[in-house]
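One file, work.cif, is given below (mmCIF, C-alpha atoms).
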```
data_entry
#
loop_
_atom_site.label_atom_id
_atom_site.label_comp_id
_atom_site.auth_asym_id
_atom_site.auth_seq_id
_atom_site.Cartn_x
_atom_site.Cartn_y
_atom_site.Cartn_z
CA MET A 1 95.28 -34.75 -2.41
CA LYS A 2 93.15 -35.66 0.53
CA ARG A 3 91.12 -32.78 1.81
CA GLN A 4 91.33 -32.00 5.51
CA THR A 5 88.21 -31.83 7.56
CA THR A 6 87.45 -29.47 10.41
CA PRO A 7 84.71 -29.88 12.96
CA TYR A 8 81.57 -27.98 12.22
CA ARG A 9 80.17 -26.36 15.34
CA ARG A 10 76.48 -25.92 14.95
CA PRO A 11 75.27 -23.00 17.06
CA ALA A 12 72.79 -23.74 19.81
CA PRO A 13 69.26 -23.22 18.55
CA GLU A 14 67.77 -19.79 19.11
CA LEU A 15 64.50 -19.55 20.96
CA SER A 16 61.58 -17.72 19.46
CA GLY A 17 59.47 -15.60 21.78
CA GLU A 18 56.53 -17.98 21.38
CA THR A 19 58.60 -21.09 22.17
CA CYS A 20 60.18 -19.37 25.15
CA ALA A 21 56.76 -18.39 26.51
CA MET A 22 55.55 -21.98 26.18
CA LEU A 23 58.61 -23.34 27.99
CA LEU A 24 58.28 -20.74 30.73
CA ALA A 25 54.61 -21.68 31.16
CA ALA A 26 55.61 -25.34 31.45
CA ILE A 27 58.13 -24.45 34.16
CA MET A 28 55.43 -22.54 36.05
CA LEU A 29 53.12 -25.55 35.88
CA LEU A 30 55.94 -27.76 37.14
CA ALA A 31 56.52 -25.39 40.05
CA VAL A 32 52.83 -25.33 40.93
CA ALA A 33 52.56 -29.12 40.72
CA ALA A 34 55.64 -29.62 42.91
CA ARG A 35 54.31 -27.24 45.55
CA ILE A 36 50.82 -28.77 45.58
CA ALA A 37 52.28 -32.26 45.92
CA ALA A 38 54.54 -31.12 48.74
CA ALA A 39 51.60 -29.51 50.56
CA PHE A 40 49.67 -32.79 50.45
CA VAL A 41 52.67 -34.78 51.66
CA LEU A 42 53.93 -32.45 54.39
CA LYS A 43 50.59 -31.28 55.81
CA HIS A 44 52.16 -28.63 58.03
CA PRO A 45 50.14 -27.89 61.18
CA LEU A 46 48.86 -24.37 61.59
CA ASP A 47 50.89 -23.18 64.55
CA SER A 48 53.55 -20.69 65.62
CA ASP A 49 54.29 -17.98 63.02
CA PRO A 50 51.91 -19.40 60.37
CA LEU A 51 49.08 -19.36 62.90
CA ALA A 52 49.91 -15.74 63.79
CA TYR A 53 49.81 -14.66 60.13
CA PHE A 54 46.58 -16.57 59.56
CA THR A 55 44.97 -15.01 62.63
CA MET A 56 46.01 -11.49 61.56
CA ALA A 57 44.61 -11.90 58.04
CA GLN A 58 41.45 -13.57 59.30
CA GLY A 59 40.78 -10.86 61.87
CA LEU A 60 41.31 -8.09 59.34
CA ALA A 61 39.14 -9.79 56.71
CA GLU A 62 36.29 -10.74 59.03
CA ARG A 63 36.30 -8.10 61.78
CA GLY A 64 38.46 -5.29 60.52
CA GLU A 65 41.05 -5.68 63.30
CA LEU A 66 44.69 -6.66 63.00
CA LEU A 67 45.63 -8.84 65.97
CA ASP A 68 47.93 -11.84 66.28
CA ILE A 69 47.46 -14.87 68.50
CA TYR A 70 48.87 -12.94 71.47
CA GLY A 71 46.63 -9.92 71.01
CA GLN A 72 49.41 -7.76 69.54
CA HIS A 73 48.99 -5.38 66.61
CA ALA A 74 52.49 -4.86 65.24
CA PHE A 75 54.66 -7.69 66.57
CA TYR A 76 54.51 -9.89 63.48
CA SER A 77 55.30 -8.06 60.24
CA ALA A 78 52.04 -7.15 58.55
CA GLY A 79 52.96 -7.36 54.86
CA TYR A 80 52.16 -11.02 54.29
CA PRO A 81 48.86 -10.98 56.24
CA LEU A 82 47.83 -7.82 54.39
CA VAL A 83 48.29 -9.66 51.08
CA LEU A 84 46.24 -12.61 52.36
CA THR A 85 43.42 -10.40 53.66
CA PRO A 86 41.57 -9.57 50.41
CA PHE A 87 41.63 -13.23 49.39
CA PHE A 88 40.29 -14.26 52.79
CA ALA A 89 37.56 -11.62 52.49
CA LEU A 90 36.59 -12.83 49.02
CA LEU A 91 37.06 -16.61 49.32
CA GLY A 92 36.88 -17.24 53.03
CA SER A 93 39.60 -17.59 55.66
CA SER A 94 41.23 -20.97 55.17
CA VAL A 95 44.64 -22.54 54.78
CA PRO A 96 43.94 -23.71 51.17
CA VAL A 97 43.21 -20.09 50.18
CA ALA A 98 46.50 -18.99 51.75
CA LEU A 99 48.38 -21.77 49.96
CA GLY A 100 46.75 -20.66 46.71
CA VAL A 101 48.16 -17.17 47.30
CA ASN A 102 51.56 -18.76 47.91
CA LEU A 103 51.33 -20.52 44.55
CA ALA A 104 50.55 -17.24 42.82
CA LEU A 105 53.48 -15.55 44.53
CA GLY A 106 55.72 -18.44 43.47
CA VAL A 107 54.66 -18.05 39.84
CA ILE A 108 55.34 -14.31 40.04
CA SER A 109 58.82 -15.08 41.41
CA ILE A 110 59.52 -17.39 38.47
CA VAL A 111 58.52 -14.74 35.93
CA LEU A 112 60.66 -12.12 37.68
CA ILE A 113 63.64 -14.49 37.87
CA TYR A 114 63.35 -15.13 34.13
CA LYS A 115 63.19 -11.40 33.38
CA LEU A 116 66.08 -10.60 35.70
CA THR A 117 68.29 -13.32 34.20
CA LEU A 118 67.44 -12.13 30.70
CA ALA A 119 68.32 -8.55 31.67
CA LEU A 120 71.72 -9.61 32.96
CA SER A 121 72.63 -12.00 30.15
CA GLY A 122 70.40 -11.43 27.11
CA ASN A 123 70.13 -15.23 26.98
CA ARG A 124 66.64 -16.75 26.97
CA TRP A 125 68.03 -20.20 27.68
CA ALA A 126 69.69 -18.83 30.82
CA GLY A 127 66.43 -17.23 31.87
CA LEU A 128 64.57 -20.51 31.48
CA LEU A 129 67.28 -22.41 33.33
CA ALA A 130 67.15 -19.97 36.26
CA ALA A 131 63.35 -20.29 36.33
CA LEU A 132 63.66 -24.07 36.33
CA PHE A 133 66.23 -23.99 39.14
CA TYR A 134 63.86 -21.92 41.26
CA ALA A 135 60.86 -24.10 40.40
CA LEU A 136 62.74 -27.12 41.82
CA TRP A 137 64.49 -25.29 44.67
CA PHE A 138 63.51 -27.16 47.84
CA PRO A 139 63.23 -24.18 50.24
CA GLY A 140 60.99 -22.41 47.74
CA ILE A 141 58.78 -25.49 47.57
CA TRP A 142 58.86 -25.89 51.36
CA ASN A 143 57.92 -22.27 52.08
CA ALA A 144 54.99 -22.46 49.67
CA THR A 145 53.46 -25.26 51.75
CA MET A 146 53.05 -23.09 54.85
CA LEU A 147 52.11 -19.55 55.77
CA ALA A 148 55.56 -17.97 55.73
CA LYS A 149 56.35 -14.35 54.95
CA GLU A 150 59.25 -15.49 52.71
CA ASN A 151 56.61 -16.31 50.08
CA LEU A 152 56.08 -12.55 49.72
CA SER A 153 59.51 -11.16 50.53
CA THR A 154 61.10 -13.27 47.77
CA PRO A 155 59.29 -11.74 44.76
CA LEU A 156 59.61 -8.28 46.35
CA LEU A 157 63.39 -8.69 46.54
CA ILE A 158 63.69 -10.03 42.98
CA GLY A 159 61.48 -7.23 41.66
CA LEU A 160 63.59 -4.66 43.48
CA ALA A 161 66.75 -6.07 41.87
CA LEU A 162 65.15 -5.89 38.41
CA CYS A 163 64.15 -2.26 38.97
CA ALA A 164 67.67 -1.43 40.13
CA VAL A 165 69.15 -2.89 36.93
CA ARG A 166 66.77 -0.78 34.84
CA ILE A 167 67.69 2.35 36.79
CA ALA A 168 71.38 1.69 36.21
CA ARG A 169 70.78 1.26 32.46
CA ASP A 170 68.75 4.46 32.13
CA GLU A 171 65.62 2.53 31.12
CA ARG A 172 62.83 4.87 32.26
CA PRO A 173 64.80 5.40 35.48
CA ILE A 174 62.26 7.61 37.26
CA SER A 175 59.44 5.11 36.77
CA ALA A 176 61.76 2.24 37.72
CA ALA A 177 62.87 4.11 40.85
CA LEU A 178 59.26 4.78 41.86
CA VAL A 179 58.37 1.10 41.50
CA ALA A 180 61.58 0.19 43.36
CA GLY A 181 60.48 2.44 46.21
CA LEU A 182 57.06 0.79 46.33
CA LEU A 183 58.69 -2.65 46.43
CA TRP A 184 61.18 -1.63 49.11
CA GLY A 185 58.42 -0.10 51.20
CA ALA A 186 56.39 -3.29 50.88
CA SER A 187 59.50 -5.28 51.84
CA LEU A 188 59.95 -3.22 55.00
CA VAL A 189 56.34 -3.85 56.03
CA THR A 190 56.89 -7.56 55.26
CA GLY A 191 60.11 -7.85 57.26
CA GLY A 192 62.61 -5.40 58.72
CA SER A 193 65.61 -7.45 57.57
CA THR A 194 65.14 -5.96 54.10
CA LEU A 195 66.16 -2.49 55.34
CA LEU A 196 69.59 -2.47 53.66
CA LEU A 197 68.32 -3.73 50.30
CA CYS A 198 68.19 -0.06 49.35
CA ALA A 199 71.97 -0.34 48.90
CA GLY A 200 71.35 -1.95 45.51
CA VAL A 201 69.21 0.98 44.40
CA GLY A 202 71.88 3.36 45.69
CA ILE A 203 74.47 1.62 43.48
CA ALA A 204 72.08 1.83 40.53
CA LEU A 205 71.56 5.57 41.02
CA LEU A 206 75.32 6.13 41.10
CA MET A 207 75.58 4.23 37.81
CA LEU A 208 72.81 6.37 36.35
CA TRP A 209 74.69 9.50 37.42
CA ARG A 210 77.81 8.19 35.68
CA THR A 211 75.89 7.21 32.54
CA ARG A 212 74.14 10.57 32.19
CA GLY A 213 77.14 12.58 33.31
CA ALA A 214 74.79 14.68 35.42
CA PHE A 215 73.58 14.52 39.00
CA ARG A 216 70.03 15.70 38.38
CA PRO A 217 68.60 12.45 36.91
CA ALA A 218 70.04 10.40 39.78
CA PHE A 219 68.69 12.90 42.31
CA ALA A 220 65.25 12.76 40.69
CA GLY A 221 65.42 8.97 40.76
CA GLY A 222 66.32 9.03 44.45
CA LEU A 223 63.35 11.28 45.20
CA ALA A 224 61.07 8.94 43.24
CA PHE A 225 62.43 5.98 45.20
CA ILE A 226 61.80 7.70 48.54
CA ALA A 227 58.32 8.76 47.41
CA GLY A 228 57.45 5.19 46.42
CA ALA A 229 58.60 3.84 49.77
CA ALA A 230 56.68 6.54 51.63
CA LEU A 231 53.47 5.62 49.78
CA ILE A 232 53.65 2.17 51.34
CA VAL A 233 55.33 2.78 54.68
CA GLY A 234 53.48 6.02 55.50
CA PRO A 235 49.98 4.50 55.82
CA TRP A 236 51.35 1.63 57.87
CA LEU A 237 53.14 3.99 60.28
CA HIS A 238 49.90 5.96 60.63
CA ALA A 239 48.03 2.73 61.37
CA THR A 240 50.52 1.62 64.04
CA ASP A 241 50.39 5.07 65.61
CA LYS A 242 46.66 4.57 66.05
CA MET A 243 46.96 0.95 67.19
CA VAL A 244 49.92 1.02 69.59
CA GLY A 245 50.48 4.73 70.19
CA ARG A 246 53.64 5.16 68.14
CA PRO A 247 54.48 5.02 64.41
CA ILE A 248 56.59 1.88 64.16
CA LEU A 249 57.29 -0.76 61.51
CA THR A 250 57.19 -3.62 64.00
CA THR A 251 57.68 -4.24 67.69
CA ASN A 252 59.29 -7.56 66.79
CA ALA A 253 62.64 -5.95 65.95
CA ALA A 254 63.38 -5.23 69.63
CA PHE A 255 62.35 -8.77 70.57
CA ASN A 256 64.69 -10.27 67.97
CA LEU A 257 67.51 -7.94 68.99
CA TYR A 258 67.20 -9.14 72.57
CA LEU A 259 67.06 -12.84 71.63
CA GLY A 260 70.31 -12.31 69.73
CA ASN A 261 72.02 -10.30 72.46
CA ASN A 262 71.56 -11.59 76.00
CA PRO A 263 73.44 -13.91 78.37
CA ALA A 264 71.74 -16.98 76.87
CA ALA A 265 72.23 -15.99 73.21
CA THR A 266 73.87 -18.49 70.86
CA GLY A 267 73.49 -16.79 67.47
CA LYS A 268 70.53 -19.00 66.64
CA PHE A 269 66.99 -18.87 67.95
CA VAL A 270 66.55 -19.25 71.69
CA SER A 271 63.22 -19.10 73.45
CA ILE A 272 62.44 -16.09 75.61
CA SER A 273 61.86 -18.64 78.40
CA ASP A 274 65.60 -19.42 78.35
CA THR A 275 66.65 -15.79 78.87
CA PRO A 276 66.76 -13.59 81.98
CA MET A 277 63.49 -12.02 80.80
CA ALA A 278 61.63 -15.29 81.45
CA LYS A 279 60.74 -14.25 84.98
CA ASP A 280 57.27 -12.68 84.98
CA TRP A 281 57.42 -12.41 81.17
CA GLU A 282 53.69 -12.56 80.49
CA ALA A 283 52.69 -10.32 83.39
CA THR A 284 55.29 -7.70 82.50
CA ARG A 285 54.42 -7.82 78.80
CA ILE A 286 50.78 -7.20 79.55
CA ARG A 287 51.55 -4.46 82.08
CA LEU A 288 53.91 -2.51 79.81
CA GLY A 289 51.95 -3.00 76.63
CA GLU A 290 53.31 -3.84 73.19
CA VAL A 291 55.50 -0.76 72.71
CA GLY A 292 56.62 -0.51 76.31
CA ASN A 293 57.73 -4.12 76.30
CA ALA A 294 59.63 -3.56 73.07
CA ASP A 295 61.42 -0.58 74.62
CA ARG A 296 62.37 -2.72 77.62
CA LEU A 297 63.78 -5.48 75.40
CA GLN A 298 65.74 -3.05 73.26
CA ALA A 299 67.24 -1.33 76.29
CA ALA A 300 68.22 -4.68 77.82
CA ALA A 301 69.87 -5.81 74.57
CA LEU A 302 71.82 -2.57 74.13
CA ASP A 303 72.92 -2.62 77.76
CA TRP A 304 74.17 -6.18 77.39
CA ILE A 305 76.06 -5.30 74.19
CA GLY A 306 77.64 -2.32 75.94
CA ASP A 307 78.69 -4.46 78.89
CA ASN A 308 79.89 -7.40 76.75
CA PRO A 309 81.29 -5.97 73.49
CA GLY A 310 83.61 -8.90 72.87
CA ARG A 311 80.92 -11.54 73.24
CA ALA A 312 78.51 -9.43 71.18
CA ALA A 313 81.07 -9.19 68.36
CA GLU A 314 81.68 -12.93 68.56
CA LEU A 315 77.94 -13.61 68.31
CA ALA A 316 77.64 -11.25 65.34
CA ALA A 317 80.38 -13.15 63.52
CA LEU A 318 78.70 -16.46 64.33
CA LYS A 319 75.39 -15.19 62.96
CA LEU A 320 77.05 -14.14 59.71
CA ALA A 321 78.52 -17.63 59.41
CA TYR A 322 75.26 -19.35 60.37
CA PHE A 323 73.47 -17.36 57.67
CA TRP A 324 75.24 -19.43 54.98
CA GLN A 325 75.39 -22.70 56.92
CA PRO A 326 73.82 -25.69 55.09
CA ASN A 327 70.62 -26.95 56.71
CA ILE A 328 71.96 -30.44 57.42
CA PRO A 329 69.42 -32.77 59.09
CA ASP A 330 70.52 -34.34 62.36
CA ALA A 331 69.66 -37.62 64.10
CA ALA A 332 66.49 -36.13 65.56
CA ASP A 333 65.31 -35.15 62.08
CA PHE A 334 65.85 -38.70 60.78
CA ALA A 335 64.05 -40.10 63.82
CA ALA A 336 61.07 -37.84 63.14
CA SER A 337 60.88 -38.68 59.41
CA LYS A 338 63.48 -40.53 57.39
CA ALA A 339 61.80 -39.50 54.14
CA VAL A 340 61.77 -35.76 54.91
CA ALA A 341 65.31 -35.88 56.31
CA SER A 342 66.53 -37.68 53.18
CA ILE A 343 64.93 -35.04 50.98
CA ARG A 344 66.68 -32.41 53.05
CA LEU A 345 70.00 -34.05 52.16
CA PHE A 346 69.16 -33.34 48.52
CA GLU A 347 68.38 -29.77 49.61
CA VAL A 348 71.85 -29.48 51.15
CA ALA A 349 73.47 -30.65 47.90
CA GLN A 350 71.26 -28.31 45.89
CA TYR A 351 72.09 -25.37 48.15
CA GLY A 352 75.82 -26.12 48.00
CA LEU A 353 75.80 -26.12 44.20
CA ILE A 354 73.78 -22.89 44.01
CA LEU A 355 76.11 -21.20 46.48
CA LEU A 356 79.26 -22.43 44.73
CA PHE A 357 78.24 -21.64 41.15
CA GLY A 358 76.36 -18.49 42.15
CA LEU A 359 79.36 -16.92 43.85
CA LEU A 360 81.87 -18.12 41.25
CA ALA A 361 79.67 -16.61 38.54
CA PHE A 362 80.52 -13.13 39.79
CA ARG A 363 83.81 -13.61 37.91
CA SER A 364 82.03 -14.54 34.69
CA PRO A 365 82.18 -12.05 31.79
CA LEU A 366 78.80 -13.38 30.65
CA ILE A 367 77.03 -11.43 33.42
CA ALA A 368 76.59 -7.71 33.01
CA SER A 369 78.84 -5.82 35.41
CA ASP A 370 76.08 -3.50 36.59
CA GLY A 371 74.09 -6.51 37.72
CA LYS A 372 77.08 -7.87 39.62
CA TRP A 373 77.50 -4.66 41.60
CA ILE A 374 73.78 -4.37 42.34
CA PHE A 375 73.48 -8.02 43.37
CA ALA A 376 76.58 -7.80 45.56
CA ALA A 377 75.20 -4.73 47.37
CA MET A 378 71.79 -6.32 47.93
CA ILE A 379 73.15 -9.67 49.11
CA ALA A 380 75.66 -7.98 51.42
CA GLY A 381 73.01 -5.68 52.87
CA PHE A 382 70.56 -8.54 53.44
CA TRP A 383 73.32 -10.65 55.00
CA LEU A 384 74.93 -8.07 57.28
CA ILE A 385 71.72 -6.90 58.92
CA HIS A 386 71.16 -10.42 60.24
CA ALA A 387 74.19 -10.01 62.50
CA ALA A 388 71.99 -7.94 64.82
CA ALA A 389 69.45 -10.57 65.87
CA TYR A 390 69.60 -14.35 65.37
CA ILE A 391 69.59 -16.82 62.48
CA ILE A 392 66.98 -19.30 61.31
CA THR A 393 67.83 -21.07 58.05
CA ARG A 394 64.82 -19.81 56.10
CA TYR A 395 65.76 -16.18 56.81
CA ARG A 396 68.26 -16.34 53.94
CA ASP A 397 65.76 -17.77 51.45
CA PRO A 398 64.67 -14.49 49.78
CA ALA A 399 68.25 -13.69 48.74
CA ILE A 400 69.12 -17.08 47.25
CA PRO A 401 67.25 -16.45 43.94
CA LEU A 402 69.88 -13.80 43.15
CA LEU A 403 72.52 -16.54 43.32
CA ILE A 404 70.29 -18.81 41.26
CA VAL A 405 70.25 -16.12 38.58
CA THR A 406 74.02 -15.69 38.54
CA ALA A 407 74.62 -19.45 38.60
CA ALA A 408 72.26 -20.13 35.69
CA ILE A 409 73.96 -17.76 33.24
CA PRO A 410 77.37 -19.47 32.86
CA ILE A 411 75.81 -22.92 33.22
CA ALA A 412 73.41 -22.17 30.36
CA ALA A 413 76.29 -20.91 28.22
CA TRP A 414 78.27 -24.08 28.94
CA LEU A 415 75.30 -26.27 28.01
CA GLN A 416 74.87 -24.34 24.77
CA GLN A 417 78.55 -24.80 23.94
CA LEU A 418 78.21 -28.51 24.70
CA ALA A 419 75.25 -28.75 22.34
CA ALA A 420 77.14 -26.84 19.64
CA ARG A 421 80.04 -29.30 19.79
CA ARG A 422 77.74 -32.15 18.78
CA GLY A 423 78.05 -31.13 15.14
CA VAL A 424 79.13 -33.09 12.05
CA PRO A 425 82.53 -32.74 10.32
CA HIS A 426 82.56 -30.91 7.02
CA ALA A 427 85.13 -30.57 4.29
CA ALA A 428 87.45 -27.58 4.48
#
```
What does this structure look like when you write it as structure tokens?
Amino acid sequence: MKRQTTPYRRPAPELSGETCAMLLAAIMLLAVAARIAAAFVLKHPLDSDPLAYFTMAQGLAERGELLDIYGQHAFYSAGYPLVLTPFFALLGSSVPVALGVNLALGVISIVLIYKLTLALSGNRWAGLLAALFYALWFPGIWNATMLAKENLSTPLLIGLALCAVRIARDERPISAALVAGLLWGASLVTGGSTLLLCAGVGIALLMLWRTRGAFRPAFAGGLAFIAGAALIVGPWLHATDKMVGRPILTTNAAFNLYLGNNPAATGKFVSISDTPMAKDWEATRIRLGEVGNADRLQAAALDWIGDNPGRAAELAALKLAYFWQPNIPDAADFAASKAVASIRLFEVAQYGLILLFGLLAFRSPLIASDGKWIFAAMIAGFWLIHAAAYIITRYRDPAIPLLIVTAAIPIAAWLQQLAARRGVPHAA
């Protein structure tokens, strides 16, 4: 009698810790190489926001004063320049030094992405795949080639998500909450749009309460979180009180609020010169001072919202849509550089796939449910706060690694299943 045969499915090979470390190191080197090559090709000029951050770090390192290119102390968020400052003091104030810091921050992001993916899936292959996705993610490469605060806010956000997962799982929750508070505080000093990221930690503390069956551990974790944030934000508020006469995170928030809510607002960036404030802008700004001018802008924005609630709501909805809009190059972009515009088409495809698989992955049973809830709260918080001001494409960049993590987990599992199917038949 002829024996039947059944397919033998060889399991995907397991990764040893040593092999995984070597592969992760190779991915880091790939990320560094890609970013160095891009910096040489793009050669971004030092102007606008990058020039402001450079000037702030240079002034603090060389003269002990924090001033931007307009002579303001707290208009541009200070977190990123504060990170650059010790390196400028030690190695000299230069763009290559700043780009070196960006490379280090990119490597840190890759390590954190690997750890976060591993925490949510227990799959080293998924962790490596997520790290590889981020290493080759075009906006991450692009941001690393210029002085952009997203280089810092990205690892802060990923680290905060990792801490939140550990709080939810009762893994040294007080220590994790303290570190989460430090990271959130640093995020606030780096950019006010991270304000609602604390929602993820709130979800984690509720999960801790449920796990322990007692309120006290969650309450203690909340206190540790607040204490950690205060350790970072407190000194900065004291510094701004001395510099501008009021404890404030940034005077830029009022400026952004006005640009997003005025008769000329579109939901995207508009120049102050195109708004009703254009008349005597410089003279009035100097006369009122940094804080006084911020108060004027905030009052004007709130008055306009109160007088035009329908249009304000429409703009808010547009901003929420623009937040996820692909960064499609237009005819002007192709006229400026066909090569860069063509690369951006790849970026659009890359972004579309990350968004599609990242969101669909929230239905996957391969991803721990606590991570899904925490990620959803953080992404929603980061997204919704942008309805207040205006949208520039790179503003969403710090949150995209969370979708890279969720996308990588089911994709890695599918690739492992595909590899397992390439087995040999054996006799039954």
Within 9 Å of file point (54.5, -17.3, 37.0), counting only C-alpha atoms, expressed as an mmCIF file with C-alpha atoms, in the coordinates of the input:
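Output file out-v8.cif is given in full below:
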```
data_model
loop_
_atom_site.group_PDB
_atom_site.id
_atom_site.type_symbol
_atom_site.label_atom_id
_atom_site.label_comp_id
_atom_site.auth_asym_id
_atom_site.auth_seq_id
_atom_site.Cartn_x
_atom_site.Cartn_y
_atom_site.Cartn_z
ATOM 1 C CA LEU A 24 58.280 -20.740 30.730
ATOM 2 C CA ALA A 25 54.610 -21.680 31.160
ATOM 3 C CA ILE A 27 58.130 -24.450 34.160
ATOM 4 C CA MET A 28 55.430 -22.540 36.050
ATOM 5 C CA LEU A 29 53.120 -25.550 35.880
ATOM 6 C CA ALA A 31 56.520 -25.390 40.050
ATOM 7 C CA LEU A 103 51.330 -20.520 44.550
ATOM 8 C CA ALA A 104 50.550 -17.240 42.820
ATOM 9 C CA LEU A 105 53.480 -15.550 44.530
ATOM 10 C CA GLY A 106 55.720 -18.440 43.470
ATOM 11 C CA VAL A 107 54.660 -18.050 39.840
ATOM 12 C CA ILE A 108 55.340 -14.310 40.040
ATOM 13 C CA SER A 109 58.820 -15.080 41.410
ATOM 14 C CA ILE A 110 59.520 -17.390 38.470
ATOM 15 C CA VAL A 111 58.520 -14.740 35.930
ATOM 16 C CA LEU A 112 60.660 -12.120 37.680
#
```
Within 8 Å of segment 404-420 of chain A, which residues of segment 85-142 of chain A show up? Give each one with its shortest atom-to-atom distance in Å (one decimal) and the two atoms involved, counting all atoms listed in the file, rows by chain then rising residue number, as a Markdown table.
```
| residue | atom | partner | partner_atom | distance |
| --- | --- | --- | --- | --- |
| A:Ile113 | CA | A:Val405 | CA | 6.8 |
| A:Leu116 | CA | A:Val405 | CA | 7.5 |
| A:Thr117 | CA | A:Val405 | CA | 5.6 |
| A:Ser121 | CA | A:Ile409 | CA | 6.7 |
| A:Asn123 | CA | A:Ile409 | CA | 7.8 |
| A:Trp125 | CA | A:Ala412 | CA | 6.3 |
| A:Ala126 | CA | A:Ala412 | CA | 5.0 |
| A:Gly127 | CA | A:Ala408 | CA | 7.5 |
| A:Leu129 | CA | A:Ala408 | CA | 6.0 |
| A:Ala130 | CA | A:Ala408 | CA | 5.1 |
| A:Phe133 | CA | A:Ile404 | CA | 6.9 |
| A:Tyr134 | CA | A:Ile404 | CA | 7.1 |
```
Those same residues, written as an mmCIF file, in the coordinates of the input with C-alpha atoms?
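Just written: result.cif:
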```cif
data_model
loop_
_atom_site.group_PDB
_atom_site.id
_atom_site.type_symbol
_atom_site.label_atom_id
_atom_site.label_comp_id
_atom_site.auth_asym_id
_atom_site.auth_seq_id
_atom_site.Cartn_x
_atom_site.Cartn_y
_atom_site.Cartn_z
ATOM 1 C CA ILE A 113 63.640 -14.490 37.870
ATOM 2 C CA LEU A 116 66.080 -10.600 35.700
ATOM 3 C CA THR A 117 68.290 -13.320 34.200
ATOM 4 C CA SER A 121 72.630 -12.000 30.150
ATOM 5 C CA ASN A 123 70.130 -15.230 26.980
ATOM 6 C CA TRP A 125 68.030 -20.200 27.680
ATOM 7 C CA ALA A 126 69.690 -18.830 30.820
ATOM 8 C CA GLY A 127 66.430 -17.230 31.870
ATOM 9 C CA LEU A 129 67.280 -22.410 33.330
ATOM 10 C CA ALA A 130 67.150 -19.970 36.260
ATOM 11 C CA PHE A 133 66.230 -23.990 39.140
ATOM 12 C CA TYR A 134 63.860 -21.920 41.260
#
```
Expand the PyMOL selection byres ((chain A and resi 207) around 12) into the explicit residue set it covers here, and present it as an NGL selection string. :A and (164-170 or 173 or 200-206 or 208-215 or 217-219 or 221 or 369-371 or 373-374)
Going by the chain IDs and residue numbers used in this file, which residues fall under the PyMOL selection byres ((chain A and resi 264) around 7)? Write them as number ranges by chain. A: 262-263, 265-266, 274-275
Can you spell out as a PyMOL selection string the set of residues that the PyMOL selection byres ((chain A and resi 193-195) around 8) selects in the structure I just provided? chain A and resi 184+187-188+191-192+196-198+381-382+385-386
Mind dumping the selected residues with C-alpha atoms as a PDB file, in the coordinates of the input?
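Contents of out.pdb, freshly written:
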```pdb
ATOM      1  CA  TRP A 184      61.180  -1.630  49.110  1.00  0.00           C
ATOM      2  CA  SER A 187      59.500  -5.280  51.840  1.00  0.00           C
ATOM      3  CA  LEU A 188      59.950  -3.220  55.000  1.00  0.00           C
ATOM      4  CA  GLY A 191      60.110  -7.850  57.260  1.00  0.00           C
ATOM      5  CA  GLY A 192      62.610  -5.400  58.720  1.00  0.00           C
ATOM      6  CA  LEU A 196      69.590  -2.470  53.660  1.00  0.00           C
ATOM      7  CA  LEU A 197      68.320  -3.730  50.300  1.00  0.00           C
ATOM      8  CA  CYS A 198      68.190  -0.060  49.350  1.00  0.00           C
ATOM      9  CA  GLY A 381      73.010  -5.680  52.870  1.00  0.00           C
ATOM     10  CA  PHE A 382      70.560  -8.540  53.440  1.00  0.00           C
ATOM     11  CA  ILE A 385      71.720  -6.900  58.920  1.00  0.00           C
ATOM     12  CA  HIS A 386      71.160 -10.420  60.240  1.00  0.00           C
TER      13      HIS A 386
END
```
With a distance cut-off of 8 Å and all atoms listed in the file, select the neighbouring residues of Leu152 of chain A, excluding the residue or stretch itself and same-chain residues fewer than 5 positions from it, and output the selection as JSON, numbers by chain. {"A": [79, 80, 102, 105, 190]}
Nearest residue to Ala199 of chain A from the set A:Ala341, A:Ala380, A:Leu60, A:Ile391 (distances using all atoms listed in the file):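 Closest to Ala199 of chain A, using all atoms listed in the file: A:Ala380.
Nearest residue to Ile69 of chain A, choosing from A:Ala26, A:Ala389, A:Ile141, A:Ala57 and counting only C-alpha atoms: A:Ala57.
Look at Leu182 of chain A: the protein and nucleic acid residues within 7 Å of it, using all atoms listed in the file and passing over chain neighbours fewer than 5 places away, are Gly228, Ala229, Leu231 and Ile232 of chain A.
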Hey, what's within 6 Å of Ala301 of chain A if we count all atoms listed in the file and toss same-chain stuff fewer than 3 positions away? As JSON, numbers by chain, please? {"A": [258, 261, 298, 304]}
Calculated over all atoms listed in the file, which of the candidates A:Phe357, A:Trp137, A:Trp236, A:Tyr114 has the smallest distance to Arg344 of chain A? A:Trp137
Could you give me, as a ChimeraX atom specification, the residues that sit within 9 Å of (53.4, -8.2, 62.4) in the file's coordinates, counting all atoms listed in the file? /A:52-53,56,66-68,72-81,189-191,249-252
